[in-house]
Structures are given as structure tokens and as C-alpha cells.
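Source file: model_8.txt. Holds: compact mmCIF, C-alpha atoms (C1' of nucleotides) and all ligand atoms.
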```txt
# COMPACT_ATOMS: atom_id res chain seq x y z
CA MET H 1 -10.26 26.18 -5.84
CA HIS H 2 -10.14 23.72 -2.98
CA PRO H 3 -9.20 25.40 0.33
CA THR H 4 -6.27 23.03 0.81
CA PHE H 5 -4.67 24.44 -2.31
CA GLN H 6 -5.00 28.05 -1.27
CA SER H 7 -2.57 29.80 0.98
CA HIS H 8 -4.38 30.27 4.28
CA ASP H 9 -3.86 30.79 7.96
CA HIS H 10 -2.89 27.25 8.65
CA SER H 11 -2.50 27.45 12.41
CA HIS H 12 -6.08 28.66 12.53
CA CYS H 13 -7.52 25.85 10.42
CA ALA H 14 -5.54 23.33 12.45
CA GLY H 15 -6.71 24.73 15.78
CA ASP H 16 -10.25 24.72 14.51
CA ASN H 17 -10.15 21.05 13.58
CA LEU H 18 -8.46 20.15 16.83
CA ALA H 19 -11.20 21.83 18.84
CA ARG H 20 -13.87 19.97 16.93
CA ALA H 21 -12.01 16.71 17.44
CA GLU H 22 -11.85 17.24 21.21
CA ALA H 23 -15.55 18.06 21.37
CA LEU H 24 -16.41 14.96 19.39
CA MET H 25 -14.30 12.72 21.60
CA THR H 26 -15.93 14.09 24.75
CA GLU H 27 -19.32 13.54 23.21
CA ARG H 28 -18.47 9.93 22.43
CA GLY H 29 -16.75 9.21 25.73
CA ALA H 30 -13.56 8.35 23.85
CA ARG H 31 -10.25 9.53 25.24
CA LEU H 32 -8.04 11.88 23.28
CA THR H 33 -4.97 11.16 25.40
CA PRO H 34 -1.72 13.18 25.14
CA VAL H 35 -0.08 10.89 22.56
CA ARG H 36 -3.20 10.74 20.44
CA LYS H 37 -3.75 14.46 20.63
CA ARG H 38 -0.14 15.16 19.77
CA VAL H 39 -0.29 12.80 16.77
CA LEU H 40 -3.41 14.57 15.55
CA GLU H 41 -1.66 17.93 15.93
CA ILE H 42 1.32 16.63 13.99
CA LEU H 43 -0.93 15.55 11.17
CA LEU H 44 -2.87 18.79 11.22
CA GLU H 45 0.31 20.83 11.05
CA ALA H 46 1.47 18.93 7.99
CA HIS H 47 -1.32 19.31 5.42
CA ARG H 48 0.14 16.34 3.71
CA ALA H 49 0.30 12.64 4.40
CA LEU H 50 2.88 11.48 6.93
CA GLY H 51 4.22 7.96 7.28
CA ALA H 52 3.90 6.25 10.66
CA TYR H 53 7.66 6.43 11.14
CA ASP H 54 7.67 10.17 10.39
CA VAL H 55 5.13 10.66 13.14
CA LEU H 56 7.06 8.35 15.42
CA GLN H 57 10.24 10.30 15.00
CA ARG H 58 8.55 13.52 16.07
CA LEU H 59 6.94 11.81 19.03
CA ALA H 60 10.28 10.40 20.15
CA THR H 61 11.90 13.83 20.30
CA GLU H 62 9.08 14.96 22.57
CA GLY H 63 9.47 12.32 25.24
CA PHE H 64 6.92 9.80 24.06
CA GLY H 65 7.79 6.19 23.27
CA ASN H 66 9.98 5.62 20.26
CA GLN H 67 8.83 2.20 19.12
CA PRO H 68 6.53 1.64 16.11
CA PRO H 69 3.45 0.48 18.06
CA VAL H 70 3.29 3.86 19.80
CA ALA H 71 2.68 5.60 16.49
CA TYR H 72 0.55 2.90 14.91
CA ARG H 73 -1.79 2.65 17.88
CA ALA H 74 -2.41 6.35 18.00
CA LEU H 75 -2.90 6.50 14.24
CA ASP H 76 -5.25 3.53 14.25
CA PHE H 77 -7.28 5.16 16.99
CA LEU H 78 -7.58 8.39 15.03
CA VAL H 79 -8.62 6.52 11.89
CA GLU H 80 -11.23 4.50 13.76
CA GLN H 81 -12.65 7.69 15.22
CA GLY H 82 -12.69 9.38 11.85
CA LEU H 83 -10.20 12.03 12.91
CA ALA H 84 -7.64 10.88 10.37
CA HIS H 85 -7.56 8.95 7.13
CA ARG H 86 -5.16 6.42 5.75
CA ILE H 87 -3.82 7.00 2.24
CA GLN H 88 -3.25 3.54 0.84
CA ARG H 89 -1.11 4.64 -2.07
CA LEU H 90 1.38 6.37 0.18
CA ASN H 91 1.34 4.09 3.21
CA ALA H 92 0.66 7.28 5.07
CA PHE H 93 -1.86 9.15 7.18
CA THR H 94 -3.52 12.53 7.00
CA ALA H 95 -5.75 14.48 9.38
CA CYS H 96 -9.41 14.62 8.50
CA MET H 97 -10.41 18.11 7.47
CA HIS H 98 -14.13 17.55 7.92
CA VAL H 99 -14.42 16.13 11.42
CA GLY H 100 -17.90 15.29 12.50
CA GLU H 101 -19.54 15.86 9.15
CA SER H 102 -20.58 12.58 7.64
CA HIS H 103 -18.36 12.42 4.65
CA ALA H 104 -17.06 9.95 2.11
CA PRO H 105 -13.99 11.60 0.76
CA ALA H 106 -11.67 11.14 -2.16
CA PHE H 107 -8.06 12.19 -1.88
CA LEU H 108 -6.31 14.34 -4.43
CA ILE H 109 -2.58 13.77 -4.13
CA CYS H 110 -0.16 16.13 -5.84
CA ARG H 111 2.76 14.14 -7.18
CA LYS H 112 4.95 17.24 -7.21
CA CYS H 113 4.48 18.84 -3.80
CA ASP H 114 2.82 15.92 -1.95
CA THR H 115 -0.10 18.01 -0.80
CA VAL H 116 -3.17 15.92 -0.03
CA ALA H 117 -6.64 17.40 -0.35
CA GLU H 118 -9.77 15.77 0.97
CA ALA H 119 -12.49 16.37 -1.58
CA PRO H 120 -16.17 15.68 -1.01
CA VAL H 121 -17.33 13.34 -3.75
CA ALA H 122 -20.83 12.26 -2.88
CA PRO H 123 -21.83 11.90 -6.55
CA VAL H 124 -18.80 9.73 -7.27
CA ARG H 125 -19.66 7.52 -4.32
CA ALA H 126 -23.24 7.27 -5.47
CA ALA H 127 -22.17 6.18 -8.94
CA LEU H 128 -19.85 3.56 -7.48
CA GLU H 129 -22.56 2.32 -5.17
CA ALA H 130 -24.94 1.97 -8.09
CA THR H 131 -22.39 0.04 -10.14
CA ALA H 132 -21.62 -2.31 -7.27
CA GLU H 133 -25.28 -2.94 -6.55
CA GLY H 134 -25.87 -3.72 -10.21
CA LEU H 135 -23.23 -6.45 -9.96
CA GLY H 136 -24.66 -7.89 -6.78
CA PHE H 137 -21.73 -6.64 -4.71
CA ALA H 138 -22.53 -5.33 -1.23
CA LEU H 139 -20.28 -2.31 -0.95
CA GLU H 140 -19.15 -1.42 2.55
CA ARG H 141 -16.20 0.92 2.20
CA ALA H 142 -14.24 2.31 -0.71
CA SER H 143 -11.06 4.25 -1.09
CA ILE H 144 -10.72 6.72 -3.91
CA GLU H 145 -7.27 8.17 -4.40
CA ALA H 146 -6.26 10.36 -7.30
CA ILE H 147 -2.76 11.30 -8.43
CA GLY H 148 -2.08 14.44 -10.41
CA LEU H 149 -1.03 18.03 -10.14
CA CYS H 150 -2.48 20.50 -7.68
CA PRO H 151 -3.45 23.94 -9.03
CA ASN H 152 -0.23 25.53 -7.83
CA CYS H 153 2.12 22.96 -9.33
CA ARG H 154 -0.02 22.83 -12.44
CA GLU H 155 0.47 26.52 -13.01
CA ALA H 156 4.19 26.28 -12.35
CA ALA H 157 4.48 23.63 -15.05
CA MET I 1 -23.92 -10.57 -12.03
CA HIS I 2 -20.29 -9.82 -12.79
CA PRO I 3 -18.56 -12.68 -14.62
CA THR I 4 -15.87 -12.94 -11.95
CA PHE I 5 -18.50 -13.89 -9.41
CA GLN I 6 -20.04 -16.64 -11.51
CA SER I 7 -18.66 -20.13 -11.71
CA HIS I 8 -17.12 -20.44 -15.13
CA ASP I 9 -14.56 -22.33 -17.15
CA HIS I 10 -11.63 -20.62 -15.63
CA SER I 11 -8.87 -22.25 -17.67
CA HIS I 12 -10.63 -20.98 -20.75
CA CYS I 13 -10.94 -17.38 -19.58
CA ALA I 14 -7.30 -17.47 -18.47
CA GLY I 15 -6.06 -18.87 -21.78
CA ASP I 16 -8.07 -16.26 -23.61
CA ASN I 17 -6.51 -13.40 -21.72
CA LEU I 18 -3.05 -14.88 -22.09
CA ALA I 19 -3.44 -15.06 -25.86
CA ARG I 20 -4.54 -11.45 -26.03
CA ALA I 21 -1.61 -10.44 -23.86
CA GLU I 22 0.89 -12.18 -26.16
CA ALA I 23 -0.63 -10.56 -29.22
CA LEU I 24 -0.48 -7.14 -27.61
CA MET I 25 3.16 -7.57 -26.60
CA THR I 26 4.14 -8.60 -30.11
CA GLU I 27 2.30 -5.62 -31.48
CA ARG I 28 4.18 -3.30 -29.15
CA GLY I 29 7.56 -4.96 -29.62
CA ALA I 30 7.69 -5.65 -25.89
CA ARG I 31 9.02 -8.99 -24.72
CA LEU I 32 6.85 -11.36 -22.75
CA THR I 33 9.77 -13.44 -21.51
CA PRO I 34 9.34 -16.78 -19.69
CA VAL I 35 9.34 -15.28 -16.19
CA ARG I 36 6.93 -12.55 -17.15
CA LYS I 37 4.64 -14.94 -18.94
CA ARG I 38 4.69 -17.36 -16.04
CA VAL I 39 3.87 -14.59 -13.57
CA LEU I 40 0.95 -13.55 -15.73
CA GLU I 41 -0.28 -17.13 -15.84
CA ILE I 42 0.01 -17.40 -12.09
CA LEU I 43 -2.10 -14.27 -11.66
CA LEU I 44 -4.63 -15.43 -14.24
CA GLU I 45 -5.01 -18.79 -12.52
CA ALA I 46 -5.73 -17.11 -9.19
CA HIS I 47 -8.72 -14.85 -9.83
CA ARG I 48 -7.72 -13.05 -6.74
CA ALA I 49 -4.92 -10.71 -5.75
CA LEU I 50 -1.58 -12.30 -4.97
CA GLY I 51 1.23 -10.71 -2.99
CA ALA I 52 4.64 -10.42 -4.63
CA TYR I 53 6.01 -13.01 -2.22
CA ASP I 54 3.21 -15.45 -3.07
CA VAL I 55 4.17 -15.16 -6.72
CA LEU I 56 7.83 -15.45 -5.86
CA GLN I 57 7.30 -18.67 -3.96
CA ARG I 58 5.64 -20.30 -6.95
CA LEU I 59 8.37 -19.06 -9.28
CA ALA I 60 11.05 -20.47 -7.02
CA THR I 61 9.60 -23.97 -7.12
CA GLU I 62 9.71 -23.80 -10.91
CA GLY I 63 13.38 -23.04 -11.27
CA PHE I 64 13.25 -19.26 -11.55
CA GLY I 65 15.12 -16.97 -9.20
CA ASN I 66 13.92 -16.90 -5.63
CA GLN I 67 14.78 -13.36 -4.61
CA PRO I 68 12.23 -10.54 -4.32
CA PRO I 69 13.42 -8.50 -7.33
CA VAL I 70 12.60 -11.39 -9.65
CA ALA I 71 8.93 -11.16 -8.73
CA TYR I 72 8.77 -7.40 -8.41
CA ARG I 73 10.38 -6.77 -11.77
CA ALA I 74 8.04 -9.08 -13.60
CA LEU I 75 5.04 -7.64 -11.78
CA ASP I 76 6.13 -4.07 -12.47
CA PHE I 77 6.51 -4.90 -16.14
CA LEU I 78 3.02 -6.38 -16.31
CA VAL I 79 1.53 -3.38 -14.57
CA GLU I 80 3.31 -0.94 -16.88
CA GLN I 81 2.03 -2.84 -19.88
CA GLY I 82 -1.50 -2.90 -18.51
CA LEU I 83 -1.55 -6.68 -18.23
CA ALA I 84 -1.92 -6.58 -14.47
CA HIS I 85 -3.10 -4.17 -11.82
CA ARG I 86 -1.87 -3.37 -8.39
CA ILE I 87 -4.36 -3.43 -5.53
CA GLN I 88 -3.11 -0.82 -3.08
CA ARG I 89 -5.25 -1.92 -0.17
CA LEU I 90 -3.89 -5.45 -0.28
CA ASN I 91 -0.30 -4.80 -1.33
CA ALA I 92 -1.08 -7.30 -4.04
CA PHE I 93 -1.44 -7.80 -7.77
CA THR I 94 -4.14 -9.15 -10.04
CA ALA I 95 -4.26 -9.98 -13.74
CA CYS I 96 -6.11 -7.56 -15.94
CA MET I 97 -9.30 -9.09 -17.24
CA HIS I 98 -9.78 -6.58 -20.03
CA VAL I 99 -6.44 -6.56 -21.83
CA GLY I 100 -6.25 -4.19 -24.74
CA GLU I 101 -9.54 -2.47 -24.13
CA SER I 102 -8.96 1.00 -22.86
CA HIS I 103 -10.40 0.75 -19.41
CA ALA I 104 -10.33 2.61 -16.13
CA PRO I 105 -11.36 -0.01 -13.63
CA ALA I 106 -12.50 -0.09 -10.06
CA PHE I 107 -11.82 -3.14 -7.96
CA LEU I 108 -14.44 -4.88 -5.90
CA ILE I 109 -12.73 -6.86 -3.16
CA CYS I 110 -14.68 -9.45 -1.19
CA ARG I 111 -13.53 -9.36 2.41
CA LYS I 112 -14.76 -12.91 2.97
CA CYS I 113 -13.38 -14.93 0.05
CA ASP I 114 -10.78 -12.45 -1.25
CA THR I 115 -12.10 -12.54 -4.79
CA VAL I 116 -11.22 -9.43 -6.76
CA ALA I 117 -13.43 -8.26 -9.61
CA GLU I 118 -12.45 -5.63 -12.10
CA ALA I 119 -15.52 -3.54 -12.79
CA PRO I 120 -15.81 -0.99 -15.56
CA VAL I 121 -16.75 2.31 -13.99
CA ALA I 122 -16.54 4.92 -16.69
CA PRO I 123 -19.32 7.05 -15.12
CA VAL I 124 -17.60 6.99 -11.76
CA ARG I 125 -14.36 8.11 -13.38
CA ALA I 126 -16.16 10.85 -15.22
CA ALA I 127 -17.68 12.14 -12.00
CA LEU I 128 -14.29 12.12 -10.32
CA GLU I 129 -12.69 13.87 -13.25
CA ALA I 130 -15.35 16.57 -13.12
CA THR I 131 -14.87 17.08 -9.40
CA ALA I 132 -11.11 17.33 -9.75
CA GLU I 133 -11.33 19.76 -12.63
CA GLY I 134 -13.71 21.91 -10.62
CA LEU I 135 -11.05 22.18 -7.90
CA GLY I 136 -8.29 22.98 -10.37
CA PHE I 137 -6.63 19.62 -9.86
CA ALA I 138 -5.15 17.97 -12.97
CA LEU I 139 -6.09 14.34 -12.49
CA GLU I 140 -3.71 11.82 -14.05
CA ARG I 141 -4.48 8.47 -12.48
CA ALA I 142 -6.85 7.29 -9.80
CA SER I 143 -7.32 4.10 -7.88
CA ILE I 144 -10.79 3.09 -6.80
CA GLU I 145 -10.98 0.11 -4.50
CA ALA I 146 -14.12 -1.11 -2.80
CA ILE I 147 -14.43 -3.54 0.10
CA GLY I 148 -17.58 -5.53 0.69
CA LEU I 149 -19.25 -8.85 0.07
CA CYS I 150 -19.39 -10.56 -3.29
CA PRO I 151 -22.75 -11.98 -4.37
CA ASN I 152 -21.86 -15.49 -3.27
CA CYS I 153 -20.66 -14.57 0.21
CA ARG I 154 -23.52 -12.11 0.52
CA GLU I 155 -26.04 -14.86 -0.02
CA ALA I 156 -24.24 -17.21 2.37
CA ALA I 157 -24.53 -14.56 5.09
C1' DG V 1 -9.27 0.49 48.10
C1' DG V 2 -10.22 -3.26 44.82
C1' DT V 3 -11.02 -4.48 40.34
C1' DA V 4 -11.67 -4.50 35.44
C1' DA V 5 -10.93 -2.03 31.26
C1' DC V 6 -7.99 0.57 28.87
C1' DT V 7 -3.58 2.74 27.65
C1' DT V 8 1.33 2.95 27.09
C1' DG V 9 6.06 1.10 26.73
C1' DT V 10 9.16 -2.34 24.99
C1' DT V 11 11.08 -6.45 22.75
C1' DA V 12 11.10 -9.06 19.05
C1' DC V 13 9.77 -10.27 14.66
C1' DG V 14 7.17 -10.50 10.15
C1' DA V 15 5.92 -8.54 5.70
C1' DT V 16 6.71 -5.59 1.88
C1' DA V 17 9.94 -3.28 -1.25
C1' DT V 18 14.22 -1.47 -3.45
C1' DA V 19 19.37 -0.28 -4.33
C1' DA V 20 23.34 -1.88 -6.36
C1' DC V 21 26.09 -4.76 -8.94
C1' DA V 22 27.27 -9.05 -11.51
C1' DT V 23 25.98 -12.02 -15.16
C1' DG V 24 23.57 -13.49 -19.09
C1' DT V 25 20.86 -12.86 -23.53
C1' DC V 26 19.74 -10.93 -27.83
C1' DA V 27 19.46 -8.13 -31.88
C1' DA V 28 21.47 -4.79 -34.75
C1' DG V 29 25.18 -2.76 -37.41
C1' DA V 30 30.29 -2.67 -38.59
C1' DT M 1 31.05 -12.93 -37.84
C1' DC M 2 32.11 -10.27 -34.37
C1' DT M 3 31.35 -6.31 -31.61
C1' DT M 4 28.59 -3.64 -29.04
C1' DG M 5 24.88 -1.69 -26.55
C1' DA M 6 20.28 -2.40 -24.72
C1' DC M 7 17.73 -5.18 -22.11
C1' DA M 8 16.83 -8.96 -18.85
C1' DT M 9 17.90 -11.89 -14.96
C1' DG M 10 20.25 -13.44 -10.74
C1' DT M 11 21.97 -12.32 -6.20
C1' DT M 12 23.36 -9.85 -1.99
C1' DA M 13 22.22 -6.72 1.12
C1' DT M 14 19.32 -3.46 3.17
C1' DA M 15 15.46 -0.24 3.59
C1' DT M 16 10.70 0.51 4.81
C1' DC M 17 6.30 -0.68 6.72
C1' DG M 18 3.59 -3.18 10.13
C1' DT M 19 2.20 -6.37 14.17
C1' DA M 20 2.27 -10.07 18.00
C1' DA M 21 2.97 -10.56 22.66
C1' DC M 22 3.77 -9.26 27.19
C1' DA M 23 4.86 -6.06 31.07
C1' DA M 24 3.77 -1.89 33.48
C1' DG M 25 1.09 2.04 34.35
C1' DT M 26 -3.40 4.62 34.39
C1' DT M 27 -8.37 5.42 34.73
C1' DA M 28 -13.22 4.65 35.77
C1' DC M 29 -16.28 2.73 38.73
C1' DC M 30 -18.22 0.06 42.39
ZN ZN W 1 -12.25 13.34 6.48
ZN ZN W 2 1.43 20.46 -5.91
ZN ZN W 3 -7.69 -4.22 -16.39
ZN ZN W 4 -16.84 -13.52 -1.49
```
Give the structure from this file in C-alpha cells form.
Amino acid sequence: MHPTFQSHDHSHCAGDNLARAEALMTERGARLTPVRKRVLEILLEAHRALGAYDVLQRLATEGFGNQPPVAYRALDFLVEQGLAHRIQRLNAFTACMHVGESHAPAFLICRKCDTVAEAPVAPVRAALEATAEGLGFALERASIEAIGLCPNCREAA
Amino acid sequence: MHPTFQSHDHSHCAGDNLARAEALMTERGARLTPVRKRVLEILLEAHRALGAYDVLQRLATEGFGNQPPVAYRALDFLVEQGLAHRIQRLNAFTACMHVGESHAPAFLICRKCDTVAEAPVAPVRAALEATAEGLGFALERASIEAIGLCPNCREAA
DNA sequence: GGTAACTTGTTACGATATAACATGTCAAGA
DNA sequence: TCTTGACATGTTATATCGTAACAAGTTACC
């Protein structure tokens, strides 16, 4: 089973990812400022996708700005740096669970409990790349988002 | 090369798809009313993804309602019936080019000319299905959307 | 310390989407 | 034929998501 779907020490996995994110930012000379860091923490604590306005609301109660650009800028930064991903289907954002590793993920979204898992799908990507190339299409980026039931909700049903 | 990317008699390919759509609706006892049919035609004439408000604007100049629900309801109907697809990345809609055939498409979106091609990607789906099953996730639907350069724009660059 | 690049805050607005209710259409079945 | 219920459309109002533009503060570097 995918780790996201198992019960686990979440504060530990979040802290782990946060540490890796900070190291990576230092290495790149990019600045993980307080807002950005806090947004990343918020995402890491959630284990599901959060809308920009959800994030904003939490920021506002903590003394940061309370206008949309505050959230969107931090989120955009995290996405650019590969520390977070955007889930198109949900107009929402989720923390990357594989920081640093070169990865081309797919997202498995549970329609019951809203959990989002980041699954490594290198073979799927390869197949897509092959198809595109066969059609003369120069593939640059692709988003793969699946809807269904996570193992827990599946069992409950 | 994928047919979408070739120059072709577009009015013919549109008329063809429209005829198949009407036949399918009759067969199902679903009603392809004037608004719905017109929206489908608009999408078929475009060969690219159109936003709901783009569609709405054209409807309004033709004597249909000019409020958002008019467009959204027709578009939702077409998507439910498999006559159109929603492109998540673009918040836009495109006519299905393979009406009736059971198909699980991926969309190849040219970031230069905005053309959208519907590519059959059964192997890609199969790989994704296998991955999901391996993780205990019950996959129901998935959207696969690729960004890149179509053959024409690729050559021009 | 001066300066340029970057970051944050704020105002204002644009774009996308839906809830709720009124009205109109159509096809059975009484 | 007339009623009636299901479906479709029109309309108002509002919710949700996202960005342009500018002002003010901070940081890195010479
Ligand atoms: Zn990731
Ligand atoms: Zn679930
Ligand atoms: Zn299709
Ligand atoms: Zn192109």
C-alpha cells in the first residue's frame, strides 16, 4: 500500500520533508522566507490538497497578509521550486512528498476522503512520451490525475 | 502525424462527428436540443478548447440566453454524454473526436497555437491502472493532459 | 551607505462557476 | 383532450478562483 494511505507518524514525515526542502533551498540560493515556509508547513500538515483561500485563511490568523496574492505568490514559488504541486482538478495545492528526487508524479485523489497521494509513475510517463513522439508532439509537461477510492475508503464501502 | 495536426477539410470532419452525435443521442433517448446542438457545433468548429464564457458569447449573439448557466448546462450535458471533454488545465471544453467509440483519451495541448488533440492512449491507461491497483487504489477516472509543441509549431521553432 | 533585486502588503478587478427560483416545453397516461 | 410530472431553459444573484498594478519594506552586494 502507498505510504500516504497508511496511518503513520505524520508530524515526523512532515518534519522530514520540511528539512529536505530547507536544505534544497539553501543549496539553490533560493529563499524559503517565513510566509513560504509556513505555507509549506500548512500543506505538509494537511496530506490533502488545499485551495489557495484555505491556505490564506490560516495565514491571516497568524499575522501574515490576508489578501489573495499573499497565498498565491507563496504557492507559486513552492510549485516553481518543486516543493509543492498543483492539482488541476481541484484548483488546489499539495506538498511534494518526494522533494529533491527527480520525479514525474501522478496524483491519486480519493473522492470520499479527499486524500491525495503522489505516486511515482515512470512507466506511465514513458508510455505517454512514446505516444506523443509518435504523433510528432514535443511533450514538455503532463499532468496525470486519477479519481477513485483510496484503500481505506474502498474497504469501508 | 495525428489528424488534428494536419490541414484537413474541417467542415467535413465536424459534420461527421455531429451526425454520429445525433445518432447516438437518438439511440439513448437523450435530447440534443437546439442549444446543446449549437454548443456542440461551436466546439466542433473550433478544434481547440473553448472556455464556457467564449461559448456563451457566441450563443448570446444567436438569440440564446446570455447568462452563464445556459453555457454550463449545455456543456455539462455534452460532457456527461461523452460528446465533449473538459480540459482541466485550461478551464475549457473541447468536442470529442471519437464519439461512440469507447475511448480513454489523453489531451495534447500546444502551448503556442492552443490546438488540442485527443490521442488514444490505451497503453498509458493500462499502466496507470496497474500502478493504482498495486497501491490498493480503486481507479475510476483519470485525466491525462500534456503540454508541449504540436508538430507544426515545433517545426516553426 | 547606496543601489538594485527581491519580497511583501494592499487595492482593485477579472475570470470561472453554481445556487435558487421562475418559466416554458413536451410526452405520457387518465 | 386535458392533466400532470419530468425535463429544459431563462434569469438573478452570488460564490469561488485568480491576477494586474503599485506602494512599502527587506536583503544582498558593491
Ligand atoms: Zn512531488
Ligand atoms: Zn479515501
Ligand atoms: Zn473523446
Ligand atoms: Zn501548435
Neighbours of ligand ZN 4 (chain W) within 6 Å, counting all atoms listed in the file, as a ChimeraX atom specification?
/I:110,112-113,115,149-150,152-153
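Atom C1' of V:DA15 is found 10.1 Å from atom CA of I:Asn91.
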Provide as an NGL selection string the residues of chain V at most 9 Å from chain I, counting all atoms listed in the file.
:V and (16-18)
Within 8 Å of chain I, which residues of chain H show up when using all atoms listed in the file, listed as a ChimeraX atom specification?
/H:1-2,88-89,108,121,123-125,127-128,131-132,134-151,154
Quick one: which residues from chain I are at most 12 Å off chain M, using all atoms listed in the file, as a count of residues only?
20
Could stretch 104-132 of chain H be completed with N, CA and C atoms and written as a PDB file, keeping the file's coordinate frame, please?
```
ATOM      1  N   ALA H 104     -17.699  11.074   2.790  1.00  0.00           N
ATOM      2  CA  ALA H 104     -17.060   9.950   2.110  1.00  0.00           C
ATOM      3  C   ALA H 104     -16.104  10.553   1.103  1.00  0.00           C
ATOM      4  N   PRO H 105     -14.895  10.769   1.538  1.00  0.00           N
ATOM      5  CA  PRO H 105     -13.990  11.600   0.760  1.00  0.00           C
ATOM      6  C   PRO H 105     -13.255  10.848  -0.343  1.00  0.00           C
ATOM      7  N   ALA H 106     -12.723  11.621  -1.279  1.00  0.00           N
ATOM      8  CA  ALA H 106     -11.670  11.140  -2.160  1.00  0.00           C
ATOM      9  C   ALA H 106     -10.447  11.982  -1.845  1.00  0.00           C
ATOM     10  N   PHE H 107      -9.281  11.455  -2.161  1.00  0.00           N
ATOM     11  CA  PHE H 107      -8.060  12.190  -1.880  1.00  0.00           C
ATOM     12  C   PHE H 107      -7.357  12.555  -3.168  1.00  0.00           C
ATOM     13  N   LEU H 108      -7.018  13.830  -3.263  1.00  0.00           N
ATOM     14  CA  LEU H 108      -6.310  14.340  -4.430  1.00  0.00           C
ATOM     15  C   LEU H 108      -4.866  14.573  -4.010  1.00  0.00           C
ATOM     16  N   ILE H 109      -3.983  13.765  -4.547  1.00  0.00           N
ATOM     17  CA  ILE H 109      -2.580  13.770  -4.130  1.00  0.00           C
ATOM     18  C   ILE H 109      -1.729  14.413  -5.207  1.00  0.00           C
ATOM     19  N   CYS H 110      -1.047  15.499  -4.866  1.00  0.00           N
ATOM     20  CA  CYS H 110      -0.160  16.130  -5.840  1.00  0.00           C
ATOM     21  C   CYS H 110       1.171  15.384  -5.884  1.00  0.00           C
ATOM     22  N   ARG H 111       1.539  14.935  -7.055  1.00  0.00           N
ATOM     23  CA  ARG H 111       2.760  14.140  -7.180  1.00  0.00           C
ATOM     24  C   ARG H 111       4.012  15.015  -7.152  1.00  0.00           C
ATOM     25  N   LYS H 112       3.810  16.322  -7.200  1.00  0.00           N
ATOM     26  CA  LYS H 112       4.950  17.240  -7.210  1.00  0.00           C
ATOM     27  C   LYS H 112       5.258  17.718  -5.781  1.00  0.00           C
ATOM     28  N   CYS H 113       4.243  18.243  -5.120  1.00  0.00           N
ATOM     29  CA  CYS H 113       4.480  18.840  -3.800  1.00  0.00           C
ATOM     30  C   CYS H 113       3.915  17.994  -2.655  1.00  0.00           C
ATOM     31  N   ASP H 114       3.293  16.857  -2.983  1.00  0.00           N
ATOM     32  CA  ASP H 114       2.820  15.920  -1.950  1.00  0.00           C
ATOM     33  C   ASP H 114       1.647  16.427  -1.114  1.00  0.00           C
ATOM     34  N   THR H 115       1.088  17.552  -1.498  1.00  0.00           N
ATOM     35  CA  THR H 115      -0.100  18.010  -0.800  1.00  0.00           C
ATOM     36  C   THR H 115      -1.231  17.001  -0.979  1.00  0.00           C
ATOM     37  N   VAL H 116      -2.011  16.808   0.069  1.00  0.00           N
ATOM     38  CA  VAL H 116      -3.170  15.920  -0.030  1.00  0.00           C
ATOM     39  C   VAL H 116      -4.419  16.709   0.315  1.00  0.00           C
ATOM     40  N   ALA H 117      -5.377  16.723  -0.604  1.00  0.00           N
ATOM     41  CA  ALA H 117      -6.640  17.400  -0.350  1.00  0.00           C
ATOM     42  C   ALA H 117      -7.752  16.376  -0.204  1.00  0.00           C
ATOM     43  N   GLU H 118      -8.642  16.656   0.730  1.00  0.00           N
ATOM     44  CA  GLU H 118      -9.770  15.770   0.970  1.00  0.00           C
ATOM     45  C   GLU H 118     -10.974  16.383   0.291  1.00  0.00           C
ATOM     46  N   ALA H 119     -11.395  15.789  -0.803  1.00  0.00           N
ATOM     47  CA  ALA H 119     -12.490  16.370  -1.580  1.00  0.00           C
ATOM     48  C   ALA H 119     -13.793  15.619  -1.340  1.00  0.00           C
ATOM     49  N   PRO H 120     -14.875  16.338  -1.158  1.00  0.00           N
ATOM     50  CA  PRO H 120     -16.170  15.680  -1.010  1.00  0.00           C
ATOM     51  C   PRO H 120     -16.628  15.184  -2.376  1.00  0.00           C
ATOM     52  N   VAL H 121     -16.980  13.922  -2.449  1.00  0.00           N
ATOM     53  CA  VAL H 121     -17.330  13.340  -3.750  1.00  0.00           C
ATOM     54  C   VAL H 121     -18.567  12.473  -3.641  1.00  0.00           C
ATOM     55  N   ALA H 122     -19.594  13.021  -3.036  1.00  0.00           N
ATOM     56  CA  ALA H 122     -20.830  12.260  -2.880  1.00  0.00           C
ATOM     57  C   ALA H 122     -21.332  11.687  -4.203  1.00  0.00           C
ATOM     58  N   PRO H 123     -21.328  12.457  -5.293  1.00  0.00           N
ATOM     59  CA  PRO H 123     -21.830  11.900  -6.550  1.00  0.00           C
ATOM     60  C   PRO H 123     -20.991  10.721  -7.041  1.00  0.00           C
ATOM     61  N   VAL H 124     -19.676  10.826  -6.856  1.00  0.00           N
ATOM     62  CA  VAL H 124     -18.800   9.730  -7.270  1.00  0.00           C
ATOM     63  C   VAL H 124     -19.143   8.473  -6.484  1.00  0.00           C
ATOM     64  N   ARG H 125     -19.296   8.649  -5.170  1.00  0.00           N
ATOM     65  CA  ARG H 125     -19.660   7.520  -4.320  1.00  0.00           C
ATOM     66  C   ARG H 125     -20.970   6.901  -4.776  1.00  0.00           C
ATOM     67  N   ALA H 126     -21.923   7.756  -5.070  1.00  0.00           N
ATOM     68  CA  ALA H 126     -23.240   7.270  -5.470  1.00  0.00           C
ATOM     69  C   ALA H 126     -23.128   6.435  -6.740  1.00  0.00           C
ATOM     70  N   ALA H 127     -22.334   6.909  -7.687  1.00  0.00           N
ATOM     71  CA  ALA H 127     -22.170   6.180  -8.940  1.00  0.00           C
ATOM     72  C   ALA H 127     -21.513   4.819  -8.679  1.00  0.00           C
ATOM     73  N   LEU H 128     -20.531   4.813  -7.793  1.00  0.00           N
ATOM     74  CA  LEU H 128     -19.850   3.560  -7.480  1.00  0.00           C
ATOM     75  C   LEU H 128     -20.807   2.590  -6.799  1.00  0.00           C
ATOM     76  N   GLU H 129     -21.577   3.136  -5.880  1.00  0.00           N
ATOM     77  CA  GLU H 129     -22.560   2.320  -5.170  1.00  0.00           C
ATOM     78  C   GLU H 129     -23.536   1.679  -6.153  1.00  0.00           C
ATOM     79  N   ALA H 130     -23.987   2.464  -7.097  1.00  0.00           N
ATOM     80  CA  ALA H 130     -24.940   1.970  -8.090  1.00  0.00           C
ATOM     81  C   ALA H 130     -24.308   0.847  -8.922  1.00  0.00           C
ATOM     82  N   THR H 131     -23.085   1.066  -9.362  1.00  0.00           N
ATOM     83  CA  THR H 131     -22.390   0.040 -10.140  1.00  0.00           C
ATOM     84  C   THR H 131     -22.268  -1.254  -9.358  1.00  0.00           C
ATOM     85  N   ALA H 132     -21.809  -1.129  -8.111  1.00  0.00           N
ATOM     86  CA  ALA H 132     -21.620  -2.310  -7.270  1.00  0.00           C
ATOM     87  C   ALA H 132     -22.945  -3.054  -7.086  1.00  0.00           C
TER      88      ALA H 132
END
```
